[in-house]
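Trainee: First the structure, which I've put down as structure tokens, then a few questions once you've had a look.
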Protein chains: 2
Amino acid sequence: MPVATTKFLLAENEIPTQWYNIAPDLPGPPSPPLHPGTHQPIGPDDLAPLFPMGLILQEVSQDRWIDIPEEILEIYRLWRPSPLQRAHRLEKALGTPAHIYYKYEGVSPAGSHKPNTAIAQAYYNKAEGVTRIATETGAGQWGSAMAMACKFFDLECSVYMVKISYNQKPYRRAFMETFGADVTASPSNQTNAGRGILEQDPDSSGSLGIAISEAVEDAATHDDTRYSLGSVLNHVLTHQTIVGLESKKQMAMAGEYPDVVIGCVGGGSNMAGLAFPFMADKLGGDKPDVRLMAVEPTACPTLTKGQYVYDFGDTAGMAPLVKMHTLGHTFVPAGIHAGGLRYHGDAPLLCQLHHEGLIEAVAYPQNPVFEAAVTFAAAEGIVPAPESAHAVKAAVDEAVRAKEAGKETVILFGLSGHGYFDMTAYDEYLAGNLDDYAHSDELIAEALKNVPEIASA
Amino acid sequence: MPVATTKFLLAENEIPTQWYNIAPDLPGPPSPPLHPGTHQPIGPDDLAPLFPMGLILQEVSQDRWIDIPEEILEIYRLWRPSPLQRAHRLEKALGTPAHIYYKYEGVSPAGSHKPNTAIAQAYYNKAEGVTRIATETGAGQWGSAMAMACKFFDLECSVYMVKISYNQKPYRRAFMETFGADVTASPSNQTNAGRGILEQDPDSSGSLGIAISEAVEDAATHDDTRYSLGSVLNHVLTHQTIVGLESKKQMAMAGEYPDVVIGCVGGGSNMAGLAFPFMADKLGGDKPDVRLMAVEPTACPTLTKGQYVYDFGDTAGMAPLVKMHTLGHTFVPAGIHAGGLRYHGDAPLLCQLHHEGLIEAVAYPQNPVFEAAVTFAAAEGIVPAPESAHAVKAAVDEAVRAKEAGKETVILFGLSGHGYFDMTAYDEYLAGNLDDYAHSDELIAEALKNVPEIASA
């Protein structure tokens, strides 16, 4: 009997050498970002204090393909191409006729997909003479990736880490410090934004919105420093398309094309990175029926319950306004373990496609997500990151529906990272201590009242 | 300019389908294990209460090649073949003409090479109707691998975890529990051995020797239960040769043959697994000059300072006597972070080859080991496990010697696992809090007085 293939591995020279930029393929023109004060559209020059021009030009680019510099590919080759695996053992455990594939980004040294853009951002900053990066991190995935990327390109790295995570995740802090990063608990005394918060609430445990404000201020007030963001922005999504582009080649090796592509969504770069290359086939008419599914927590249901309007990118209202599905920039999600999914909005590109009905969205509470993750680990070995476990749950549900319908549905989901740094979450799940956190519609409606009225939207 | 290859990846159907058993190729007959009470050689029947006959027959086999059952290969394919990588960026950082290759076993779901034998041991137990496994773990690498393996084969798994690790490494405990294992802090009240220790010292923080005694007693007193050991034994070393067999194919892909093969040694299965397939070439005369190097901590210098005599495998003197390099079965190594290297002896097969002058050994203190690990991470991204970092240090030293000599030395070392669960060790290193722990010759001489006098040796 021939042995079924488990892993579809590309050769090193098959790593895509261009990123895919979905902007020129959008069904309609994107809504421009607006200045937080004037509410007028902002251009490249407005972003120059925060980002190098190389990234700003990608942010506004209408080129479908963007060459990946060899210096970036050299580092990608440390772990890329990442494996695409057929989950034979999970299929068997579920008794489903579905074919389940997962693209595993946990093989990167930082343990997630985040280095795909961190490496690129460090490169373009270095190329323009920047010597120091300021950024924020919540649970630590992004900070870990940026710390590593800065070390590779000999840049200083200052990470504002949400204080509650700083205290709860010392392993993540130590990881960043091993790569030479300077990690500060946020809110801190190092910025006006931080000091302002601490004056009001000396015991503040911090938030991603506050940490963003600190990192942005740090970059804006130091000539040698630029700011770096791990999701949401167009150029970040573009860098992550390396994931989907590899996956398309690997699905072709497997001789299949997915009926549905599933990714978890926090800011949106993971889901977009996997899905946009398949979306290109849908928009282009080659694969009009391929379904693209975004998965989010019920604790932060931006796509499923948010409004598609202009809102601030940060809590303080200092960042540009972008049109997105938002729960309101003052919305504070419950303390779920999938820290990377706790953002009040989503990437504008992804939101536009969801608004057009081209991307589905589904939300799950914590406990069924962890249940699916444990089922996955028991079959495939890998313990998923809590964020990635949301995609696992949606894939399992699709596979169960396929079983009920007796269909060989081809499912591809993104396993964006491993859970080695998140074992306390599994501990609490196994002990039955997790709250499901489904926010009431009333609470969300209240938060949405803080969304600014924008005439030009 | 052609791009230099970083990763040498085998196709899935190139996974070796046989393990290599070095026993028939040894330069002399092995010294048999002895009964701890009678000091007489023991045979397969004596081991039957502890191990399934499938493993016992491998333990005493003189067959050079042992077929790997398809059920085991199916699981190996979840992460195998593991990558062999050329450390271009480390070479550049060191400015060395040496070619440095590393075989990376951290891609396994449990994060180390340990599943290579855990899967095999679970399979052979399952095949003979065993329903429950008892084992011990120190830092948690082995327990993690065995918990996963038992879940895959639907076996119950009871892990006695050294109490100090149980308290210090809750992530490891949670990992095992995620796979359904029952984890008990050792010494415990569940065994006579544990109760005896607790009566003498209620606050005992435990040791690997005590945990072994508890697991062995558990297996010996439950009909449905067998014992499982993660290193030292012949069959464990044989299972790990999958690592070296893959590496030989991958070095051939790279068009090179190593001048030196380097592995860290605790019980010896990691080093043997990588090195024995190359040792076969040395013993067979094809590659008489290949050097095999074992690396150990100065805190537990078995090969570099131990005596080659018969000694007990466990602290209590209940396990068989084996001829090995030992520091005395009562020797308690200092609390280094490389918990997997804290064993008072070494695998008899490895010791015999070291005694014959066929394997070199070197010992390093903690701080230079972590210094090398941080250098490696800065170049290659991966944060090594503290155990594996010993091999990194030896490889770096070889590369520096090659630079001084102006030689293109080809170095292959085993990166047996990642350090994601060991970040507190890096934290303490970066804070300058690590002790180097070089035991005095007097202390070791004192411990060696407890080695029994064996007439038949």
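In the structure tokens, chains take the letters A, B, ... in the order shown, each chain's residues start at 1, and ligands count up from 1 in the order shown.
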Going by DSSP on the backbone, which bits of region 36-205 of chain B are alpha helix (DSSP H)? Write them as a PyMOL selection string, please.
Mentor: chain B and resi 44-47+53-59+70-76+88-94+115-127+141-152+163-168+170-178+192-200
Trainee: Please provide the set of residues having any atom within 9 Å of region 143-146 of chain A, restricted to only C-alpha atoms, with same-chain residues fewer than 2 positions apart removed, written as JSON, numbers by chain.
Mentor: {"A": [109, 110, 111, 112, 113, 114, 115, 116, 117, 118, 119, 121, 122, 133, 135, 136, 137, 138, 139, 140, 141, 148, 149, 150, 151, 157, 159, 160, 161, 172, 173, 175, 176, 177, 179, 181, 183, 228, 230]}
Trainee: Residues of chain A within 7 Å of chain B, counting only C-alpha atoms - could you list those as a list in words?
Mentor: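 Contact residues on the first chain: Thr6, Arg77, Leu78, Val107, Pro109, Met148, Lys151, Phe152, Tyr171, Ala174, Phe175, Thr178, Phe179, Val374, Ala378, Ala379, Glu380, Gly381, Ile382, Tyr420, Met423, Thr424, Tyr426 and Asp427 of chain A.
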Trainee: Taking 6 positions as the minimum chain separation for residues in the same chain, which residues sit within 12 Å of region 195-198 of chain A when counting only C-alpha atoms? Answer as a ChimeraX atom specification.
Mentor: /A:163,185-189,204-207,209-211,213-214,217,315-316
Trainee: Export N, CA, C and O atoms of the chosen residues as a PDB file, in the first residue's frame?
Mentor:
```
ATOM      1  N   LYS A 163       1.999  45.673  30.751  1.00  0.00           N
ATOM      2  CA  LYS A 163       2.540  45.320  32.065  1.00  0.00           C
ATOM      3  C   LYS A 163       2.051  43.974  32.583  1.00  0.00           C
ATOM      4  O   LYS A 163       2.817  43.202  33.157  1.00  0.00           O
ATOM      5  N   ALA A 185       8.101  47.562  30.913  1.00  0.00           N
ATOM      6  CA  ALA A 185       6.696  47.339  31.260  1.00  0.00           C
ATOM      7  C   ALA A 185       5.913  48.618  30.989  1.00  0.00           C
ATOM      8  O   ALA A 185       6.319  49.708  31.396  1.00  0.00           O
ATOM      9  N   SER A 186       4.786  48.480  30.275  1.00  0.00           N
ATOM     10  CA  SER A 186       3.963  49.634  29.908  1.00  0.00           C
ATOM     11  C   SER A 186       2.630  49.592  30.637  1.00  0.00           C
ATOM     12  O   SER A 186       2.000  48.536  30.691  1.00  0.00           O
ATOM     13  N   PRO A 187       2.135  50.706  31.210  1.00  0.00           N
ATOM     14  CA  PRO A 187       2.661  52.067  31.120  1.00  0.00           C
ATOM     15  C   PRO A 187       3.957  52.261  31.915  1.00  0.00           C
ATOM     16  O   PRO A 187       4.117  51.696  32.991  1.00  0.00           O
ATOM     17  N   SER A 188       4.839  53.102  31.356  1.00  0.00           N
ATOM     18  CA  SER A 188       6.143  53.341  31.964  1.00  0.00           C
ATOM     19  C   SER A 188       6.328  54.828  32.238  1.00  0.00           C
ATOM     20  O   SER A 188       5.533  55.660  31.802  1.00  0.00           O
ATOM     21  N   ASN A 189       7.407  55.149  32.911  1.00  0.00           N
ATOM     22  CA  ASN A 189       7.756  56.551  33.148  1.00  0.00           C
ATOM     23  C   ASN A 189       8.609  57.129  32.035  1.00  0.00           C
ATOM     24  O   ASN A 189       9.064  58.262  32.123  1.00  0.00           O
ATOM     25  N   SER A 204      -2.050  50.696  36.997  1.00  0.00           N
ATOM     26  CA  SER A 204      -2.520  50.260  35.679  1.00  0.00           C
ATOM     27  C   SER A 204      -1.761  49.023  35.205  1.00  0.00           C
ATOM     28  O   SER A 204      -0.531  48.965  35.271  1.00  0.00           O
ATOM     29  N   SER A 205      -2.513  48.032  34.735  1.00  0.00           N
ATOM     30  CA  SER A 205      -1.858  46.835  34.210  1.00  0.00           C
ATOM     31  C   SER A 205      -1.574  46.961  32.717  1.00  0.00           C
ATOM     32  O   SER A 205      -1.058  46.059  32.094  1.00  0.00           O
ATOM     33  N   GLY A 206      -1.908  48.127  32.155  1.00  0.00           N
ATOM     34  CA  GLY A 206      -1.567  48.407  30.766  1.00  0.00           C
ATOM     35  C   GLY A 206      -2.545  47.831  29.761  1.00  0.00           C
ATOM     36  O   GLY A 206      -3.452  47.078  30.108  1.00  0.00           O
ATOM     37  N   SER A 207      -2.360  48.232  28.508  1.00  0.00           N
ATOM     38  CA  SER A 207      -3.167  47.711  27.406  1.00  0.00           C
ATOM     39  C   SER A 207      -2.367  47.896  26.126  1.00  0.00           C
ATOM     40  O   SER A 207      -1.378  48.658  26.099  1.00  0.00           O
ATOM     41  N   GLY A 209      -3.313  49.403  23.493  1.00  0.00           N
ATOM     42  CA  GLY A 209      -3.489  50.790  23.057  1.00  0.00           C
ATOM     43  C   GLY A 209      -2.516  51.734  23.741  1.00  0.00           C
ATOM     44  O   GLY A 209      -1.944  52.630  23.109  1.00  0.00           O
ATOM     45  N   ILE A 210      -2.297  51.538  25.041  1.00  0.00           N
ATOM     46  CA  ILE A 210      -1.360  52.386  25.783  1.00  0.00           C
ATOM     47  C   ILE A 210       0.066  52.123  25.307  1.00  0.00           C
ATOM     48  O   ILE A 210       0.852  53.050  25.087  1.00  0.00           O
ATOM     49  N   ALA A 211       0.396  50.860  25.131  1.00  0.00           N
ATOM     50  CA  ALA A 211       1.751  50.502  24.711  1.00  0.00           C
ATOM     51  C   ALA A 211       2.056  51.065  23.324  1.00  0.00           C
ATOM     52  O   ALA A 211       3.174  51.519  23.062  1.00  0.00           O
ATOM     53  N   SER A 213       0.773  53.820  22.120  1.00  0.00           N
ATOM     54  CA  SER A 213       1.002  55.250  22.329  1.00  0.00           C
ATOM     55  C   SER A 213       2.427  55.508  22.812  1.00  0.00           C
ATOM     56  O   SER A 213       3.096  56.444  22.349  1.00  0.00           O
ATOM     57  N   GLU A 214       2.921  54.670  23.706  1.00  0.00           N
ATOM     58  CA  GLU A 214       4.291  54.861  24.217  1.00  0.00           C
ATOM     59  C   GLU A 214       5.337  54.653  23.117  1.00  0.00           C
ATOM     60  O   GLU A 214       6.284  55.428  22.986  1.00  0.00           O
ATOM     61  N   GLU A 217       5.236  57.506  20.568  1.00  0.00           N
ATOM     62  CA  GLU A 217       5.859  58.716  21.136  1.00  0.00           C
ATOM     63  C   GLU A 217       7.381  58.578  21.172  1.00  0.00           C
ATOM     64  O   GLU A 217       8.107  59.520  20.836  1.00  0.00           O
ATOM     65  N   THR A 315      -5.964  53.596  21.400  1.00  0.00           N
ATOM     66  CA  THR A 315      -6.924  53.954  22.442  1.00  0.00           C
ATOM     67  C   THR A 315      -6.957  55.462  22.691  1.00  0.00           C
ATOM     68  O   THR A 315      -8.022  56.045  22.902  1.00  0.00           O
ATOM     69  N   ALA A 316      -5.769  56.077  22.631  1.00  0.00           N
ATOM     70  CA  ALA A 316      -5.675  57.495  22.988  1.00  0.00           C
ATOM     71  C   ALA A 316      -6.176  58.415  21.882  1.00  0.00           C
ATOM     72  O   ALA A 316      -6.346  59.623  22.117  1.00  0.00           O
TER      73      ALA A 316
END
```
Trainee: Contacts of region 338-346 of chain B at 6 Å or less, counting only C-alpha atoms, minus same-chain residues fewer than 2 places along, as a list in words?
Mentor: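 So, after excluding close chain neighbours, the residues are Ala139, Gly266, Gly267, Gly268, Thr302, His325, Thr326, Leu327, His329, Ile336, Pro386 and Glu387 of chain B.
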Trainee: Emit the selected residues as an mmCIF file, in the first residue's frame, including all heavy atoms.
Mentor:
```cif
data_model
loop_
_atom_site.group_PDB
_atom_site.id
_atom_site.type_symbol
_atom_site.label_atom_id
_atom_site.label_comp_id
_atom_site.auth_asym_id
_atom_site.auth_seq_id
_atom_site.Cartn_x
_atom_site.Cartn_y
_atom_site.Cartn_z
ATOM 1 N N ALA B 139 14.022 17.581 34.054
ATOM 2 C CA ALA B 139 13.622 18.893 33.550
ATOM 3 C C ALA B 139 12.338 18.827 32.746
ATOM 4 O O ALA B 139 11.660 19.829 32.562
ATOM 5 C CB ALA B 139 14.746 19.475 32.700
ATOM 6 N N GLY B 266 24.159 13.425 28.303
ATOM 7 C CA GLY B 266 23.637 13.280 29.659
ATOM 8 C C GLY B 266 23.681 11.791 29.962
ATOM 9 O O GLY B 266 24.638 11.286 30.532
ATOM 10 N N GLY B 267 22.669 11.060 29.482
ATOM 11 C CA GLY B 267 22.721 9.604 29.523
ATOM 12 C C GLY B 267 23.419 9.041 28.295
ATOM 13 O O GLY B 267 23.883 7.909 28.304
ATOM 14 N N GLY B 268 23.460 9.819 27.231
ATOM 15 C CA GLY B 268 24.226 9.429 26.049
ATOM 16 C C GLY B 268 23.425 9.159 24.786
ATOM 17 O O GLY B 268 24.007 8.993 23.716
ATOM 18 N N THR B 302 31.227 13.033 33.817
ATOM 19 C CA THR B 302 31.325 11.576 33.857
ATOM 20 C C THR B 302 32.443 11.031 32.971
ATOM 21 O O THR B 302 33.268 10.247 33.418
ATOM 22 C CB THR B 302 29.992 10.955 33.415
ATOM 23 O OG1 THR B 302 29.561 11.578 32.212
ATOM 24 C CG2 THR B 302 28.925 11.163 34.478
ATOM 25 N N HIS B 325 31.337 4.901 32.646
ATOM 26 C CA HIS B 325 32.060 5.977 33.308
ATOM 27 C C HIS B 325 31.111 6.583 34.331
ATOM 28 O O HIS B 325 30.072 7.137 33.977
ATOM 29 C CB HIS B 325 32.505 7.033 32.300
ATOM 30 C CG HIS B 325 33.588 6.547 31.394
ATOM 31 N ND1 HIS B 325 33.339 5.771 30.292
ATOM 32 C CD2 HIS B 325 34.948 6.694 31.455
ATOM 33 C CE1 HIS B 325 34.475 5.475 29.697
ATOM 34 N NE2 HIS B 325 35.472 6.017 30.374
ATOM 35 N N THR B 326 31.495 6.483 35.580
ATOM 36 C CA THR B 326 30.587 6.917 36.641
ATOM 37 C C THR B 326 31.300 7.819 37.630
ATOM 38 O O THR B 326 32.523 7.720 37.822
ATOM 39 C CB THR B 326 29.985 5.704 37.380
ATOM 40 O OG1 THR B 326 29.131 6.166 38.435
ATOM 41 C CG2 THR B 326 31.086 4.826 37.962
ATOM 42 N N LEU B 327 30.507 8.693 38.230
ATOM 43 C CA LEU B 327 30.998 9.530 39.328
ATOM 44 C C LEU B 327 30.542 8.944 40.662
ATOM 45 O O LEU B 327 30.679 9.573 41.705
ATOM 46 C CB LEU B 327 30.472 10.960 39.162
ATOM 47 C CG LEU B 327 30.924 11.654 37.876
ATOM 48 C CD1 LEU B 327 30.144 12.940 37.654
ATOM 49 C CD2 LEU B 327 32.424 11.949 37.915
ATOM 50 N N HIS B 329 27.157 6.314 42.142
ATOM 51 C CA HIS B 329 25.703 6.455 42.049
ATOM 52 C C HIS B 329 25.123 7.370 43.121
ATOM 53 O O HIS B 329 23.947 7.721 43.069
ATOM 54 C CB HIS B 329 25.031 5.079 42.095
ATOM 55 C CG HIS B 329 25.323 4.308 43.348
ATOM 56 N ND1 HIS B 329 26.525 3.677 43.569
ATOM 57 C CD2 HIS B 329 24.580 4.080 44.456
ATOM 58 C CE1 HIS B 329 26.507 3.085 44.752
ATOM 59 N NE2 HIS B 329 25.340 3.317 45.314
ATOM 60 N N ILE B 336 22.683 22.732 37.787
ATOM 61 C CA ILE B 336 22.817 23.459 36.524
ATOM 62 C C ILE B 336 21.487 23.432 35.769
ATOM 63 O O ILE B 336 20.616 22.607 36.026
ATOM 64 C CB ILE B 336 23.917 22.841 35.630
ATOM 65 C CG1 ILE B 336 23.667 21.341 35.410
ATOM 66 C CG2 ILE B 336 25.279 23.078 36.250
ATOM 67 C CD1 ILE B 336 24.533 20.717 34.345
ATOM 68 N N PRO B 386 19.474 24.372 27.039
ATOM 69 C CA PRO B 386 20.751 24.437 27.757
ATOM 70 C C PRO B 386 21.617 23.191 27.520
ATOM 71 O O PRO B 386 22.843 23.301 27.447
ATOM 72 C CB PRO B 386 20.322 24.545 29.217
ATOM 73 C CG PRO B 386 18.977 25.188 29.173
ATOM 74 C CD PRO B 386 18.330 24.655 27.932
ATOM 75 N N GLU B 387 20.988 22.028 27.391
ATOM 76 C CA GLU B 387 21.748 20.825 27.107
ATOM 77 C C GLU B 387 22.452 20.954 25.753
ATOM 78 O O GLU B 387 23.670 20.779 25.632
ATOM 79 C CB GLU B 387 20.833 19.587 27.095
ATOM 80 C CG GLU B 387 20.239 19.211 28.453
ATOM 81 C CD GLU B 387 18.981 20.006 28.805
ATOM 82 O OE1 GLU B 387 18.579 20.882 28.009
ATOM 83 O OE2 GLU B 387 18.399 19.747 29.878
#
```
Trainee: Using only C-alpha atoms, determine which residues lie at most 9 Å from Ser31 (chain B), disregarding the query and same-chain residues fewer than 3 positions distant; provide the list as a list in words.
Mentor: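 Once the adjacent positions are removed, what remains is Val322, Lys323, Pro348, Gln352 and Ala457 of chain B.
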Trainee: Create the file for the chosen residues now, containing all heavy atoms and written as an mmCIF file, in the first residue's frame.
Mentor:
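Produced file selection-v2.cif, reproduced below:
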```cif
data_model
loop_
_atom_site.group_PDB
_atom_site.id
_atom_site.type_symbol
_atom_site.label_atom_id
_atom_site.label_comp_id
_atom_site.auth_asym_id
_atom_site.auth_seq_id
_atom_site.Cartn_x
_atom_site.Cartn_y
_atom_site.Cartn_z
ATOM 1 N N VAL B 322 25.843 -1.626 35.672
ATOM 2 C CA VAL B 322 26.370 -1.611 34.306
ATOM 3 C C VAL B 322 27.770 -1.008 34.317
ATOM 4 O O VAL B 322 28.113 -0.213 35.198
ATOM 5 C CB VAL B 322 25.461 -0.813 33.339
ATOM 6 C CG1 VAL B 322 24.121 -1.521 33.143
ATOM 7 C CG2 VAL B 322 25.266 0.609 33.823
ATOM 8 N N LYS B 323 28.562 -1.444 33.348
ATOM 9 C CA LYS B 323 29.921 -0.909 33.286
ATOM 10 C C LYS B 323 29.887 0.410 32.519
ATOM 11 O O LYS B 323 29.483 0.458 31.362
ATOM 12 C CB LYS B 323 30.859 -1.898 32.602
ATOM 13 C CG LYS B 323 32.324 -1.543 32.837
ATOM 14 C CD LYS B 323 33.247 -2.705 32.553
ATOM 15 C CE LYS B 323 34.700 -2.317 32.815
ATOM 16 N NZ LYS B 323 35.606 -3.408 32.399
ATOM 17 N N PRO B 348 26.356 2.507 28.591
ATOM 18 C CA PRO B 348 27.488 1.574 28.476
ATOM 19 C C PRO B 348 28.103 1.506 27.070
ATOM 20 O O PRO B 348 29.330 1.446 26.936
ATOM 21 C CB PRO B 348 26.862 0.234 28.878
ATOM 22 C CG PRO B 348 25.772 0.609 29.837
ATOM 23 C CD PRO B 348 25.222 1.894 29.294
ATOM 24 N N GLN B 352 31.995 2.366 26.473
ATOM 25 C CA GLN B 352 32.955 1.402 25.943
ATOM 26 C C GLN B 352 33.768 2.040 24.805
ATOM 27 O O GLN B 352 35.000 1.885 24.739
ATOM 28 C CB GLN B 352 32.215 0.155 25.450
ATOM 29 C CG GLN B 352 33.146 -0.954 24.974
ATOM 30 C CD GLN B 352 32.380 -2.209 24.554
ATOM 31 O OE1 GLN B 352 31.174 -2.336 24.778
ATOM 32 N NE2 GLN B 352 33.090 -3.152 23.936
ATOM 33 N N ALA B 457 33.859 -7.897 37.146
ATOM 34 C CA ALA B 457 34.138 -6.875 36.138
ATOM 35 C C ALA B 457 35.560 -7.038 35.606
ATOM 36 O O ALA B 457 35.890 -6.548 34.558
ATOM 37 C CB ALA B 457 33.953 -5.483 36.734
#
```
Trainee: I want to know what sits within 12 Å of Ala272 (chain A), based on only C-alpha atoms, with residues of the same chain fewer than 6 positions away left out; could you give that as a VMD selection string?
Mentor: chain A and resid 20 to 22 113 231 to 245 261 to 266 278 to 280 292 to 295 346 to 354 359 413 to 414 416
Trainee: List every residue of region 168-247 of chain A that DSSP, applied to the backbone of this structure, places in strand (DSSP E or B), and write the result as a list in words.
Mentor: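 In region 168-247 of chain A, DSSP puts these residues in strand (DSSP E or B): Asp182, Val183, Thr184, Ala185, Ser186, Thr225, Arg226, Tyr227 and Ser228 of chain A.
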Trainee: Tell me which of B:Val260, B:Leu208, B:Ala127, B:Glu296 sits closest to Val162 (chain B), counting only C-alpha atoms.
Mentor: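 Of B:Val260, B:Leu208, B:Ala127, B:Glu296, the one nearest Val162 (chain B), counting only C-alpha atoms, is B:Leu208.
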Trainee: Which residue, A:Val60, A:Ala391, A:Ala147, A:Leu94, has the smallest gap to Asn270 (chain A) when you use only C-alpha atoms?
Mentor: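 Selected residue with least distance to Asn270 (chain A): A:Ala391.
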Trainee: To one decimal in Å, tell me the separation between CA of Ala405 (chain A) and CA of Glu91 (chain A).
Mentor: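 Separation between CA of Ala405 (chain A) and CA of Glu91 (chain A): 15.0 Å.
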Trainee: Tell me, in Å to one decimal, how far CA of Val290 (chain B) is from CA of Pro258 (chain B).
Mentor: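 Taking CA of Val290 (chain B) and CA of Pro258 (chain B), their separation equals 6.9 Å.
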Trainee: Please determine, counting only C-alpha atoms, which residue among A:Ala395, A:Val451, A:Gly417, A:Tyr308 has the shortest atom-to-atom distance to Tyr101 (chain A).
Mentor: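 With only C-alpha atoms as the atom set, the closest residue is A:Ala395.
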